[in-house]
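Asks: Contents of structure-v7.pdb (PDB, C-alpha atoms and all ligand atoms):
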ATOM      1  CA  MET D   1      13.468 -13.358  23.225  1.00  0.00           C
ATOM      2  CA  ARG D   2      12.768 -10.328  25.401  1.00  0.00           C
ATOM      3  CA  VAL D   3      10.428  -7.574  24.203  1.00  0.00           C
ATOM      4  CA  ASP D   4      10.164  -4.322  26.145  1.00  0.00           C
ATOM      5  CA  VAL D   5       7.245  -2.035  25.334  1.00  0.00           C
ATOM      6  CA  PHE D   6       7.178   1.594  26.432  1.00  0.00           C
ATOM      7  CA  THR D   7       3.651   2.964  26.534  1.00  0.00           C
ATOM      8  CA  GLN D   8       1.241   5.329  28.252  1.00  0.00           C
ATOM      9  CA  VAL D   9      -1.296   2.500  28.654  1.00  0.00           C
ATOM     10  CA  PRO D  10       0.401  -0.723  29.817  1.00  0.00           C
ATOM     11  CA  HIS D  11      -2.923  -2.229  30.933  1.00  0.00           C
ATOM     12  CA  ALA D  12      -4.001  -2.307  27.259  1.00  0.00           C
ATOM     13  CA  PHE D  13      -1.776  -5.387  26.848  1.00  0.00           C
ATOM     14  CA  GLY D  14      -3.729  -7.500  29.361  1.00  0.00           C
ATOM     15  CA  TRP D  15      -6.010  -9.068  26.785  1.00  0.00           C
ATOM     16  CA  LEU D  16      -3.218 -10.005  24.395  1.00  0.00           C
ATOM     17  CA  THR D  17      -1.119 -11.733  27.016  1.00  0.00           C
ATOM     18  CA  GLU D  18      -4.045 -14.015  27.927  1.00  0.00           C
ATOM     19  CA  GLN D  19      -4.523 -15.188  24.302  1.00  0.00           C
ATOM     20  CA  GLN D  20      -2.691 -17.809  22.265  1.00  0.00           C
ATOM     21  CA  PRO D  21      -0.087 -17.801  20.855  1.00  0.00           C
ATOM     22  CA  LEU D  22       1.324 -15.193  23.229  1.00  0.00           C
ATOM     23  CA  ALA D  23       0.086 -16.849  26.422  1.00  0.00           C
ATOM     24  CA  GLY D  24       1.776 -20.098  25.387  1.00  0.00           C
ATOM     25  CA  VAL D  25       5.252 -18.625  24.977  1.00  0.00           C
ATOM     26  CA  LEU D  26       5.187 -16.005  27.761  1.00  0.00           C
ATOM     27  CA  GLY D  27       7.665 -16.865  30.485  1.00  0.00           C
ATOM     28  CA  GLU D  28       9.215 -19.506  28.197  1.00  0.00           C
ATOM     29  CA  GLN D  29      10.384 -18.305  24.777  1.00  0.00           C
ATOM     30  CA  LEU D  30       9.153 -14.752  25.327  1.00  0.00           C
ATOM     31  CA  GLU D  31       9.707 -12.320  28.166  1.00  0.00           C
ATOM     32  CA  LEU D  32       7.463  -9.257  27.892  1.00  0.00           C
ATOM     33  CA  ARG D  33       8.131  -6.163  29.988  1.00  0.00           C
ATOM     34  CA  LEU D  34       5.848  -3.127  29.982  1.00  0.00           C
ATOM     35  CA  PHE D  35       7.114   0.338  30.926  1.00  0.00           C
ATOM     36  CA  ASN D  36       4.986   3.404  31.527  1.00  0.00           C
ATOM     37  CA  TYR D  37       6.678   6.693  30.567  1.00  0.00           C
ATOM     38  CA  ARG D  38       4.874   8.342  33.490  1.00  0.00           C
ATOM     39  CA  ASP D  39       6.708   6.189  36.055  1.00  0.00           C
ATOM     40  CA  THR D  40      10.094   7.697  35.194  1.00  0.00           C
ATOM     41  CA  THR D  41       9.250  11.146  33.826  1.00  0.00           C
ATOM     42  CA  PRO D  42      11.547  13.880  35.166  1.00  0.00           C
ATOM     43  CA  LEU D  43       8.639  16.343  34.873  1.00  0.00           C
ATOM     44  CA  ARG D  44       6.109  17.210  37.544  1.00  0.00           C
ATOM     45  CA  ALA D  45       2.691  15.616  37.933  1.00  0.00           C
ATOM     46  CA  GLY D  46       3.424  12.777  35.527  1.00  0.00           C
ATOM     47  CA  GLN D  47       3.749  15.070  32.514  1.00  0.00           C
ATOM     48  CA  ILE D  48       5.158  13.321  29.447  1.00  0.00           C
ATOM     49  CA  ASP D  49       4.144  15.497  26.472  1.00  0.00           C
ATOM     50  CA  ASP D  50       3.911  19.121  25.426  1.00  0.00           C
ATOM     51  CA  GLY D  51       2.448  21.374  22.739  1.00  0.00           C
ATOM     52  CA  PRO D  52       4.253  21.416  19.377  1.00  0.00           C
ATOM     53  CA  TYR D  53       6.817  24.119  18.562  1.00  0.00           C
ATOM     54  CA  GLY D  54       5.503  26.189  15.683  1.00  0.00           C
ATOM     55  CA  GLY D  55       1.960  25.830  16.970  1.00  0.00           C
ATOM     56  CA  GLY D  56      -0.874  23.532  16.024  1.00  0.00           C
ATOM     57  CA  PRO D  57      -3.160  21.101  17.778  1.00  0.00           C
ATOM     58  CA  GLY D  58      -2.301  18.101  19.892  1.00  0.00           C
ATOM     59  CA  MET D  59       0.460  17.036  22.238  1.00  0.00           C
ATOM     60  CA  VAL D  60       3.890  15.649  21.343  1.00  0.00           C
ATOM     61  CA  LEU D  61       5.748  12.996  23.380  1.00  0.00           C
ATOM     62  CA  ARG D  62       8.878  14.654  24.838  1.00  0.00           C
ATOM     63  CA  VAL D  63      12.412  13.475  24.044  1.00  0.00           C
ATOM     64  CA  ASP D  64      13.663  14.028  27.628  1.00  0.00           C
ATOM     65  CA  VAL D  65      10.829  11.856  28.965  1.00  0.00           C
ATOM     66  CA  VAL D  66      11.610   8.967  26.603  1.00  0.00           C
ATOM     67  CA  ASP D  67      15.355   9.292  27.279  1.00  0.00           C
ATOM     68  CA  ALA D  68      14.673   9.126  31.028  1.00  0.00           C
ATOM     69  CA  ALA D  69      12.502   6.024  30.552  1.00  0.00           C
ATOM     70  CA  LEU D  70      15.254   4.287  28.534  1.00  0.00           C
ATOM     71  CA  GLU D  71      17.885   5.392  31.068  1.00  0.00           C
ATOM     72  CA  ALA D  72      15.852   3.965  33.963  1.00  0.00           C
ATOM     73  CA  ALA D  73      15.380   0.651  32.158  1.00  0.00           C
ATOM     74  CA  TYR D  74      18.862   0.179  30.666  1.00  0.00           C
ATOM     75  CA  GLY D  75      21.302   2.767  32.070  1.00  0.00           C
ATOM     76  CA  ASN D  76      24.105   3.226  29.567  1.00  0.00           C
ATOM     77  CA  ASP D  77      23.623  -0.247  28.148  1.00  0.00           C
ATOM     78  CA  ARG D  78      20.978   0.669  25.567  1.00  0.00           C
ATOM     79  CA  PRO D  79      19.473  -2.186  23.546  1.00  0.00           C
ATOM     80  CA  ALA D  80      20.712  -2.822  20.009  1.00  0.00           C
ATOM     81  CA  ARG D  81      17.266  -2.431  18.461  1.00  0.00           C
ATOM     82  CA  VAL D  82      14.883   0.308  19.605  1.00  0.00           C
ATOM     83  CA  VAL D  83      11.811   0.638  17.381  1.00  0.00           C
ATOM     84  CA  ALA D  84       9.547   3.683  17.157  1.00  0.00           C
ATOM     85  CA  LEU D  85       6.022   2.668  16.131  1.00  0.00           C
ATOM     86  CA  THR D  86       4.901   5.397  13.761  1.00  0.00           C
ATOM     87  CA  PRO D  87       2.916   5.752  10.523  1.00  0.00           C
ATOM     88  CA  ALA D  88       6.102   7.281   9.043  1.00  0.00           C
ATOM     89  CA  GLY D  89       8.095   4.061   9.537  1.00  0.00           C
ATOM     90  CA  ARG D  90       8.963   1.144   7.275  1.00  0.00           C
ATOM     91  CA  GLN D  91       5.854  -0.876   6.616  1.00  0.00           C
ATOM     92  CA  LEU D  92       5.721  -4.154   8.535  1.00  0.00           C
ATOM     93  CA  ASP D  93       5.702  -7.328   6.433  1.00  0.00           C
ATOM     94  CA  GLN D  94       6.509 -10.986   7.077  1.00  0.00           C
ATOM     95  CA  ASP D  95      10.174 -10.546   6.063  1.00  0.00           C
ATOM     96  CA  LEU D  96      10.592  -7.876   8.713  1.00  0.00           C
ATOM     97  CA  VAL D  97       8.773 -10.057  11.271  1.00  0.00           C
ATOM     98  CA  GLU D  98      11.215 -12.922  10.547  1.00  0.00           C
ATOM     99  CA  THR D  99      14.196 -10.571  10.931  1.00  0.00           C
ATOM    100  CA  LEU D 100      12.922  -9.176  14.234  1.00  0.00           C
ATOM    101  CA  ALA D 101      11.994 -12.643  15.546  1.00  0.00           C
ATOM    102  CA  ALA D 102      15.677 -13.585  15.254  1.00  0.00           C
ATOM    103  CA  GLU D 103      16.668 -10.821  17.705  1.00  0.00           C
ATOM    104  CA  ARG D 104      17.295 -11.689  21.355  1.00  0.00           C
ATOM    105  CA  GLU D 105      16.011  -8.303  22.560  1.00  0.00           C
ATOM    106  CA  LEU D 106      13.643  -5.777  21.080  1.00  0.00           C
ATOM    107  CA  THR D 107      12.406  -2.468  22.444  1.00  0.00           C
ATOM    108  CA  LEU D 108       9.185  -0.926  21.122  1.00  0.00           C
ATOM    109  CA  LEU D 109       8.251   2.702  21.730  1.00  0.00           C
ATOM    110  CA  SER D 110       4.657   3.766  21.298  1.00  0.00           C
ATOM    111  CA  SER D 111       3.150   7.224  21.395  1.00  0.00           C
ATOM    112  CA  ARG D 112      -0.303   8.818  21.321  1.00  0.00           C
ATOM    113  CA  PHE D 113      -1.867  12.149  20.240  1.00  0.00           C
ATOM    114  CA  GLU D 114       0.415  13.942  17.712  1.00  0.00           C
ATOM    115  CA  GLY D 115       3.179  11.370  18.116  1.00  0.00           C
ATOM    116  CA  PHE D 116       6.916  11.560  18.885  1.00  0.00           C
ATOM    117  CA  ASP D 117       9.239  14.542  19.096  1.00  0.00           C
ATOM    118  CA  GLU D 118      11.259  13.699  15.953  1.00  0.00           C
ATOM    119  CA  ARG D 119      14.504  13.593  17.994  1.00  0.00           C
ATOM    120  CA  ILE D 120      13.204  10.433  19.682  1.00  0.00           C
ATOM    121  CA  VAL D 121      13.047   8.695  16.318  1.00  0.00           C
ATOM    122  CA  SER D 122      16.316  10.076  14.974  1.00  0.00           C
ATOM    123  CA  HIS D 123      18.507   9.868  18.120  1.00  0.00           C
ATOM    124  CA  LEU D 124      16.987   7.276  20.474  1.00  0.00           C
ATOM    125  CA  CYS D 125      15.698   4.705  17.995  1.00  0.00           C
ATOM    126  CA  THR D 126      17.367   2.404  15.478  1.00  0.00           C
ATOM    127  CA  ASP D 127      14.197   1.618  13.488  1.00  0.00           C
ATOM    128  CA  ALA D 128      10.798   3.120  12.753  1.00  0.00           C
ATOM    129  CA  ILE D 129       7.988   0.725  11.858  1.00  0.00           C
ATOM    130  CA  SER D 130       4.452   1.303  10.630  1.00  0.00           C
ATOM    131  CA  ILE D 131       1.853  -1.468  10.651  1.00  0.00           C
ATOM    132  CA  GLY D 132       0.097   0.002   7.620  1.00  0.00           C
ATOM    133  CA  PRO D 133      -0.861   3.143   5.693  1.00  0.00           C
ATOM    134  CA  TYR D 134      -3.518   4.392   8.107  1.00  0.00           C
ATOM    135  CA  VAL D 135      -3.480   6.315  11.375  1.00  0.00           C
ATOM    136  CA  LEU D 136      -4.419   4.770  14.712  1.00  0.00           C
ATOM    137  CA  SER D 137      -4.839   6.649  17.977  1.00  0.00           C
ATOM    138  CA  GLY D 138      -1.840   5.115  19.686  1.00  0.00           C
ATOM    139  CA  GLY D 139       1.099   2.738  19.313  1.00  0.00           C
ATOM    140  CA  GLU D 140      -0.391   0.071  21.585  1.00  0.00           C
ATOM    141  CA  LEU D 141      -2.299  -1.771  18.838  1.00  0.00           C
ATOM    142  CA  PRO D 142       0.727  -1.631  16.489  1.00  0.00           C
ATOM    143  CA  ALA D 143       2.905  -3.011  19.326  1.00  0.00           C
ATOM    144  CA  MET D 144       0.382  -5.811  19.880  1.00  0.00           C
ATOM    145  CA  VAL D 145       0.245  -6.591  16.155  1.00  0.00           C
ATOM    146  CA  LEU D 146       4.007  -6.926  16.082  1.00  0.00           C
ATOM    147  CA  LEU D 147       4.072  -8.943  19.329  1.00  0.00           C
ATOM    148  CA  ASP D 148       1.493 -11.401  18.004  1.00  0.00           C
ATOM    149  CA  ALA D 149       3.337 -11.805  14.693  1.00  0.00           C
ATOM    150  CA  LEU D 150       6.633 -12.347  16.564  1.00  0.00           C
ATOM    151  CA  ALA D 151       5.130 -14.813  19.036  1.00  0.00           C
ATOM    152  CA  ARG D 152       3.917 -17.032  16.160  1.00  0.00           C
ATOM    153  CA  ARG D 153       7.514 -17.398  14.985  1.00  0.00           C
ATOM    154  CA  LEU D 154       8.885 -18.522  18.357  1.00  0.00           C
ATOM    155  CA  PRO D 155       9.462 -22.234  19.026  1.00  0.00           C
ATOM    156  CA  GLY D 156       6.481 -23.872  20.740  1.00  0.00           C
ATOM    157  CA  ALA D 157       3.972 -21.136  19.857  1.00  0.00           C
ATOM    158  CA  LEU D 158       2.115 -23.154  17.232  1.00  0.00           C
ATOM    159  CA  ALA D 159       1.180 -26.782  16.859  1.00  0.00           C
ATOM    160  CA  GLU D 160       3.862 -28.818  15.066  1.00  0.00           C
ATOM    161  CA  GLY D 161       4.028 -27.849  11.370  1.00  0.00           C
ATOM    162  CA  SER D 162       1.118 -25.400  11.416  1.00  0.00           C
ATOM    163  CA  GLY D 163       3.280 -22.331  10.825  1.00  0.00           C
ATOM    164  CA  GLU D 164       5.212 -23.816   7.900  1.00  0.00           C
ATOM    165  CA  HIS D 165       2.658 -23.456   5.103  1.00  0.00           C
ATOM    166  CA  GLU D 166       1.183 -20.126   6.093  1.00  0.00           C
ATOM    167  CA  SER D 167       0.760 -17.104   3.856  1.00  0.00           C
ATOM    168  CA  PHE D 168       4.115 -15.409   3.082  1.00  0.00           C
ATOM    169  CA  SER D 169       6.107 -18.506   4.162  1.00  0.00           C
ATOM    170  CA  VAL D 170       9.123 -19.855   2.271  1.00  0.00           C
ATOM    171  CA  ALA D 171       7.156 -23.083   1.714  1.00  0.00           C
ATOM    172  CA  LEU D 172       4.598 -21.106  -0.322  1.00  0.00           C
ATOM    173  CA  GLU D 173       7.320 -19.064  -2.063  1.00  0.00           C
ATOM    174  CA  GLY D 174       6.200 -15.970  -0.147  1.00  0.00           C
ATOM    175  CA  GLY D 175       2.668 -16.249  -1.577  1.00  0.00           C
ATOM    176  CA  LEU D 176      -0.764 -16.532   0.012  1.00  0.00           C
ATOM    177  CA  GLU D 177      -2.067 -19.715   1.544  1.00  0.00           C
ATOM    178  CA  TYR D 178      -4.457 -21.982  -0.391  1.00  0.00           C
ATOM    179  CA  PRO D 179      -8.140 -22.105   0.715  1.00  0.00           C
ATOM    180  CA  HIS D 180      -9.310 -24.474   3.445  1.00  0.00           C
ATOM    181  CA  TYR D 181     -12.624 -26.350   3.766  1.00  0.00           C
ATOM    182  CA  THR D 182     -14.170 -28.522   6.459  1.00  0.00           C
ATOM    183  CA  ARG D 183     -17.437 -30.464   6.999  1.00  0.00           C
ATOM    184  CA  PRO D 184     -20.095 -30.455   5.658  1.00  0.00           C
ATOM    185  CA  ALA D 185     -18.897 -31.378   2.150  1.00  0.00           C
ATOM    186  CA  GLU D 186     -22.038 -29.785   0.690  1.00  0.00           C
ATOM    187  CA  TYR D 187     -23.963 -26.861   2.170  1.00  0.00           C
ATOM    188  CA  ARG D 188     -26.823 -25.029   0.412  1.00  0.00           C
ATOM    189  CA  GLY D 189     -25.384 -26.228  -2.885  1.00  0.00           C
ATOM    190  CA  TRP D 190     -21.901 -24.930  -2.097  1.00  0.00           C
ATOM    191  CA  ASP D 191     -19.582 -27.893  -2.699  1.00  0.00           C
ATOM    192  CA  VAL D 192     -16.110 -28.547  -1.370  1.00  0.00           C
ATOM    193  CA  PRO D 193     -13.698 -29.024  -4.348  1.00  0.00           C
ATOM    194  CA  SER D 194     -13.834 -32.745  -5.185  1.00  0.00           C
ATOM    195  CA  VAL D 195     -10.029 -33.139  -5.201  1.00  0.00           C
ATOM    196  CA  LEU D 196     -10.011 -32.540  -1.434  1.00  0.00           C
ATOM    197  CA  LEU D 197     -12.350 -35.501  -0.939  1.00  0.00           C
ATOM    198  CA  SER D 198     -10.380 -37.781  -3.306  1.00  0.00           C
ATOM    199  CA  GLY D 199      -7.900 -39.106  -0.723  1.00  0.00           C
ATOM    200  CA  ASP D 200      -5.119 -38.600  -3.308  1.00  0.00           C
ATOM    201  CA  HIS D 201      -2.472 -36.658  -1.355  1.00  0.00           C
ATOM    202  CA  GLY D 202      -0.376 -35.927  -4.444  1.00  0.00           C
ATOM    203  CA  LYS D 203      -3.333 -34.359  -6.262  1.00  0.00           C
ATOM    204  CA  VAL D 204      -4.335 -32.418  -3.148  1.00  0.00           C
ATOM    205  CA  GLU D 205      -0.804 -31.027  -2.852  1.00  0.00           C
ATOM    206  CA  LEU D 206      -0.749 -29.995  -6.541  1.00  0.00           C
ATOM    207  CA  TRP D 207      -4.186 -28.349  -6.218  1.00  0.00           C
ATOM    208  CA  ARG D 208      -3.112 -26.417  -3.127  1.00  0.00           C
ATOM    209  CA  ARG D 209       0.076 -25.157  -4.800  1.00  0.00           C
ATOM    210  CA  GLU D 210      -1.929 -24.013  -7.818  1.00  0.00           C
ATOM    211  CA  GLN D 211      -4.549 -22.265  -5.641  1.00  0.00           C
ATOM    212  CA  SER D 212      -1.799 -20.526  -3.688  1.00  0.00           C
ATOM    213  CA  ARG D 213      -0.246 -19.260  -6.952  1.00  0.00           C
ATOM    214  CA  VAL D 214      -3.595 -18.065  -8.337  1.00  0.00           C
ATOM    215  CA  ARG D 215      -4.381 -16.129  -5.127  1.00  0.00           C
ATOM    216  CA  SER D 216      -0.916 -14.618  -4.933  1.00  0.00           C
ATOM    217  CA  VAL D 217      -0.943 -13.026  -8.420  1.00  0.00           C
ATOM    218  CA  ARG D 218      -4.410 -11.453  -8.060  1.00  0.00           C
TER     219      ARG D 218
HETATM  220  C1  LIG O   1      -2.518   9.642  16.192  1.00  0.00           C
HETATM  221  S1  LIG O   1      -0.994   8.862  15.898  1.00  0.00           S
HETATM  222  C2  LIG O   1       0.022  10.176  15.353  1.00  0.00           C
HETATM  223  C3  LIG O   1      -0.103  10.401  13.895  1.00  0.00           C
HETATM  224  C4  LIG O   1       0.842  11.478  13.384  1.00  0.00           C
HETATM  225  N1  LIG O   1       0.466  12.777  13.850  1.00  0.00           N
HETATM  226  C5  LIG O   1       0.827  11.426  11.870  1.00  0.00           C
HETATM  227  O1  LIG O   1       0.043  12.141  11.265  1.00  0.00           O
HETATM  228  O2  LIG O   1       1.576  10.600  11.304  1.00  0.00           O
HETATM  229  C6  LIG O   1      -0.389   8.532  17.510  1.00  0.00           C
HETATM  230  C7  LIG O   1       0.565   7.395  17.628  1.00  0.00           C
HETATM  231  O3  LIG O   1      -0.079   6.173  17.256  1.00  0.00           O
HETATM  232  C8  LIG O   1       0.880   5.272  16.734  1.00  0.00           C
HETATM  233  N2  LIG O   1       0.445   4.889  15.373  1.00  0.00           N
HETATM  234  C9  LIG O   1      -0.635   5.351  14.715  1.00  0.00           C
HETATM  235  N3  LIG O   1      -0.775   4.780  13.502  1.00  0.00           N
HETATM  236  C10 LIG O   1       0.270   3.918  13.377  1.00  0.00           C
HETATM  237  C11 LIG O   1       0.680   3.022  12.350  1.00  0.00           C
HETATM  238  N4  LIG O   1       0.015   2.896  11.191  1.00  0.00           N
HETATM  239  N5  LIG O   1       1.782   2.271  12.568  1.00  0.00           N
HETATM  240  C12 LIG O   1       2.478   2.376  13.726  1.00  0.00           C
HETATM  241  N6  LIG O   1       2.139   3.219  14.727  1.00  0.00           N
HETATM  242  C13 LIG O   1       1.049   3.979  14.568  1.00  0.00           C
HETATM  243  C14 LIG O   1       2.224   5.978  16.756  1.00  0.00           C
HETATM  244  O4  LIG O   1       2.916   5.589  17.937  1.00  0.00           O
HETATM  245  C15 LIG O   1       1.802   7.429  16.770  1.00  0.00           C
HETATM  246  O5  LIG O   1       2.806   8.264  17.291  1.00  0.00           O
END
If you took the structure in this file and wrote it as structure tokens, what would it be?

Replies:
Amino acid sequence: MRVDVFTQVPHAFGWLTEQQPLAGVLGEQLELRLFNYRDTTPLRAGQIDDGPYGGGPGMVLRVDVVDAALEAAYGNDRPARVVALTPAGRQLDQDLVETLAAERELTLLSSRFEGFDERIVSHLCTDAISIGPYVLSGGELPAMVLLDALARRLPGALAEGSGEHESFSVALEGGLEYPHYTRPAEYRGWDVPSVLLSGDHGKVELWRREQSRVRSVR
């Protein structure tokens, strides 16, 4: 899978690319390319945004700047899926992550300040995605959230079997994962549930299913 991210701050992605699971799939299952709007802006002095028509505070990312960035990267062969990261988009969930992880190519557009000129979203993008009902200062963290969630779904990202029983997985009927415990079995009077120490795998499995159901309906 290839993911292209267009951003004003490409260096923000340095940390993420050094961490697992991304580091493990980079250059193998995942190709990540970072594009800075400033490198291809047709405007002088690296300008990429402008004040909003109608007045008001803040700066708006210009449609001609984003079009030029896409043109420089793809020419006329625009990618099938171009995603604007915006609080106004469809809220990201595991179903959407699974759908996007099946794509061969994905392009993510981030903005800062007041956000996108709306024509970017309506004419240059195929999707608009929000990572949640709150406002962040830029699209870099949302892009990283999506990248991390995608990387987990790529072959080889996780240890064998560890992604199969996670929260929202088919194996857990889309519900939340059951609780985990490790040593010590007793700490300050807080005991690990005895079924987990029983060695009875059938009972453990039943208990986990039940715990997953209880958590998921809360
Ligand atoms: C300060 S926000 C703009 C907020 C916009 N003026 C509004 O009120 O909806 C700047 C940029 O951060 C990104 N962003 C902020 N919150 C986001 C979220 N919840 N999901 C996805 N992207 C977000 C988007 O790229 C957005 O254009």

Asks: Residues of chain D that approach ligand LIG 1 (chain O) to 10 Å or less, counting all atoms listed in the file: could you list each one with the shortest pair of atoms and its distance in Å to one decimal, rows by chain and increasing residue number, as a tab-separated table?

Replies:
residue	atom	partner	partner_atom	distance
D:Thr7	CA	O:LIG1	O4	9.0
D:Pro57	CA	O:LIG1	N1	9.9
D:Gly58	CA	O:LIG1	N1	8.5
D:Met59	CA	O:LIG1	N1	9.4
D:Val60	CA	O:LIG1	O5	8.5
D:Leu61	CA	O:LIG1	O5	8.3
D:Ala84	CA	O:LIG1	O4	6.9
D:Leu85	CA	O:LIG1	N6	4.2
D:Thr86	CA	O:LIG1	N6	3.6
D:Pro87	CA	O:LIG1	C11	4.0
D:Ala88	CA	O:LIG1	O2	6.1
D:Gly89	CA	O:LIG1	C12	7.2
D:Arg90	CA	O:LIG1	N5	9.0
D:Gln91	CA	O:LIG1	N5	7.9
D:Leu92	CA	O:LIG1	N5	8.5
D:Leu108	CA	O:LIG1	O4	9.6
D:Leu109	CA	O:LIG1	O4	7.2
D:Ser110	CA	O:LIG1	O4	4.2
D:Ser111	CA	O:LIG1	O4	3.8
D:Arg112	CA	O:LIG1	C6	3.8
D:Phe113	CA	O:LIG1	C6	4.8
D:Glu114	CA	O:LIG1	N1	4.0
D:Gly115	CA	O:LIG1	O5	3.2
D:Phe116	CA	O:LIG1	O5	5.5
D:Asp117	CA	O:LIG1	O5	9.2
D:Ala128	CA	O:LIG1	C12	8.4
D:Ile129	CA	O:LIG1	C12	6.0
D:Ser130	CA	O:LIG1	N5	3.4
D:Ile131	CA	O:LIG1	N5	4.2
D:Gly132	CA	O:LIG1	N4	4.6
D:Pro133	CA	O:LIG1	N4	5.6
D:Tyr134	CA	O:LIG1	N4	4.9
D:Val135	CA	O:LIG1	N3	3.8
D:Leu136	CA	O:LIG1	C9	3.8
D:Ser137	CA	O:LIG1	C1	4.2
D:Gly138	CA	O:LIG1	O3	3.2
D:Gly139	CA	O:LIG1	C8	3.6
D:Glu140	CA	O:LIG1	C8	7.2
D:Leu141	CA	O:LIG1	N6	7.8
D:Pro142	CA	O:LIG1	C12	5.2
D:Ala143	CA	O:LIG1	N6	7.8
D:Val145	CA	O:LIG1	C12	9.6
D:Leu146	CA	O:LIG1	C12	9.7

Asks: Around (8.1, -0.1, 25.8), as given in the file, which residues come within 12 Å? Count all atoms listed in the file and list them as an MDAnalysis selection string.

Replies: chainID D and resid 2:10 13 32:38 66:67 69:70 72:74 79 81:85 105:111 125 139:140 142:144 147

Asks: Mind telling me what the PyMOL selection byres (((chain D and resi 24-29) around 12) and not hetatm) catches here, as a ChimeraX atom specification?

Replies: /D:1-3,16-23,30-33,101-102,104-105,147-148,150-159

Asks: Write out the residues from the selection above, keeping C-alpha atoms, as a PDB file, in the coordinates of the input.

Replies:
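Written output follows (out.pdb):
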ATOM      1  CA  MET D   1      13.468 -13.358  23.225  1.00  0.00           C
ATOM      2  CA  ARG D   2      12.768 -10.328  25.401  1.00  0.00           C
ATOM      3  CA  VAL D   3      10.428  -7.574  24.203  1.00  0.00           C
ATOM      4  CA  LEU D  16      -3.218 -10.005  24.395  1.00  0.00           C
ATOM      5  CA  THR D  17      -1.119 -11.733  27.016  1.00  0.00           C
ATOM      6  CA  GLU D  18      -4.045 -14.015  27.927  1.00  0.00           C
ATOM      7  CA  GLN D  19      -4.523 -15.188  24.302  1.00  0.00           C
ATOM      8  CA  GLN D  20      -2.691 -17.809  22.265  1.00  0.00           C
ATOM      9  CA  PRO D  21      -0.087 -17.801  20.855  1.00  0.00           C
ATOM     10  CA  LEU D  22       1.324 -15.193  23.229  1.00  0.00           C
ATOM     11  CA  ALA D  23       0.086 -16.849  26.422  1.00  0.00           C
ATOM     12  CA  LEU D  30       9.153 -14.752  25.327  1.00  0.00           C
ATOM     13  CA  GLU D  31       9.707 -12.320  28.166  1.00  0.00           C
ATOM     14  CA  LEU D  32       7.463  -9.257  27.892  1.00  0.00           C
ATOM     15  CA  ARG D  33       8.131  -6.163  29.988  1.00  0.00           C
ATOM     16  CA  ALA D 101      11.994 -12.643  15.546  1.00  0.00           C
ATOM     17  CA  ALA D 102      15.677 -13.585  15.254  1.00  0.00           C
ATOM     18  CA  ARG D 104      17.295 -11.689  21.355  1.00  0.00           C
ATOM     19  CA  GLU D 105      16.011  -8.303  22.560  1.00  0.00           C
ATOM     20  CA  LEU D 147       4.072  -8.943  19.329  1.00  0.00           C
ATOM     21  CA  ASP D 148       1.493 -11.401  18.004  1.00  0.00           C
ATOM     22  CA  LEU D 150       6.633 -12.347  16.564  1.00  0.00           C
ATOM     23  CA  ALA D 151       5.130 -14.813  19.036  1.00  0.00           C
ATOM     24  CA  ARG D 152       3.917 -17.032  16.160  1.00  0.00           C
ATOM     25  CA  ARG D 153       7.514 -17.398  14.985  1.00  0.00           C
ATOM     26  CA  LEU D 154       8.885 -18.522  18.357  1.00  0.00           C
ATOM     27  CA  PRO D 155       9.462 -22.234  19.026  1.00  0.00           C
ATOM     28  CA  GLY D 156       6.481 -23.872  20.740  1.00  0.00           C
ATOM     29  CA  ALA D 157       3.972 -21.136  19.857  1.00  0.00           C
ATOM     30  CA  LEU D 158       2.115 -23.154  17.232  1.00  0.00           C
ATOM     31  CA  ALA D 159       1.180 -26.782  16.859  1.00  0.00           C
TER      32      ALA D 159
END

Asks: Find the spatial neighbours of segment 171-175 of chain D, counting all atoms listed in the file, within a cut-off of 9 Å - ignore same-chain residues fewer than 4 positions away - and output them as a PyMOL selection string.

Replies: chain D and resi 94+164-167+209+212-213+215-217

Asks: Using C-alpha atoms, can you export the residues from the last selection as an mmCIF file, keeping the file's coordinate frame?

Replies:
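Below is the file part24.cif, written as the result:
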data_model
loop_
_atom_site.group_PDB
_atom_site.id
_atom_site.type_symbol
_atom_site.label_atom_id
_atom_site.label_comp_id
_atom_site.auth_asym_id
_atom_site.auth_seq_id
_atom_site.Cartn_x
_atom_site.Cartn_y
_atom_site.Cartn_z
ATOM 1 C CA GLN D 94 6.509 -10.986 7.077
ATOM 2 C CA GLU D 164 5.212 -23.816 7.900
ATOM 3 C CA HIS D 165 2.658 -23.456 5.103
ATOM 4 C CA GLU D 166 1.183 -20.126 6.093
ATOM 5 C CA SER D 167 0.760 -17.104 3.856
ATOM 6 C CA ARG D 209 0.076 -25.157 -4.800
ATOM 7 C CA SER D 212 -1.799 -20.526 -3.688
ATOM 8 C CA ARG D 213 -0.246 -19.260 -6.952
ATOM 9 C CA ARG D 215 -4.381 -16.129 -5.127
ATOM 10 C CA SER D 216 -0.916 -14.618 -4.933
ATOM 11 C CA VAL D 217 -0.943 -13.026 -8.420
#

Asks: Which of these residues is nearest to Leu197 of chain D, using only C-alpha atoms: D:Thr182, D:Asn76, D:Gln211, D:Asp95?

Replies: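 The answer is D:Thr182, which sits nearest to Leu197 of chain D.
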
Asks: One decimal, in Å: what's the spacing between atom CA of Leu100 of chain D and atom CA of Thr126 of chain D?

Replies: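 It comes out at 12.5 Å.
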
Asks: Work out how far atom CA of Arg119 of chain D is from atom CA of Gly46 of chain D, in Å to one decimal.

Replies: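 Separation of atom CA of Gly46 of chain D and atom CA of Arg119 of chain D: 20.8 Å.
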
Asks: Applied to this file, what does the PyMOL selection byres (((chain D and resi 43) around 12) and not hetatm) return in terms of residues, put as a PyMOL selection string?

Replies: chain D and resi 37-42+44-50+62-66+68-69
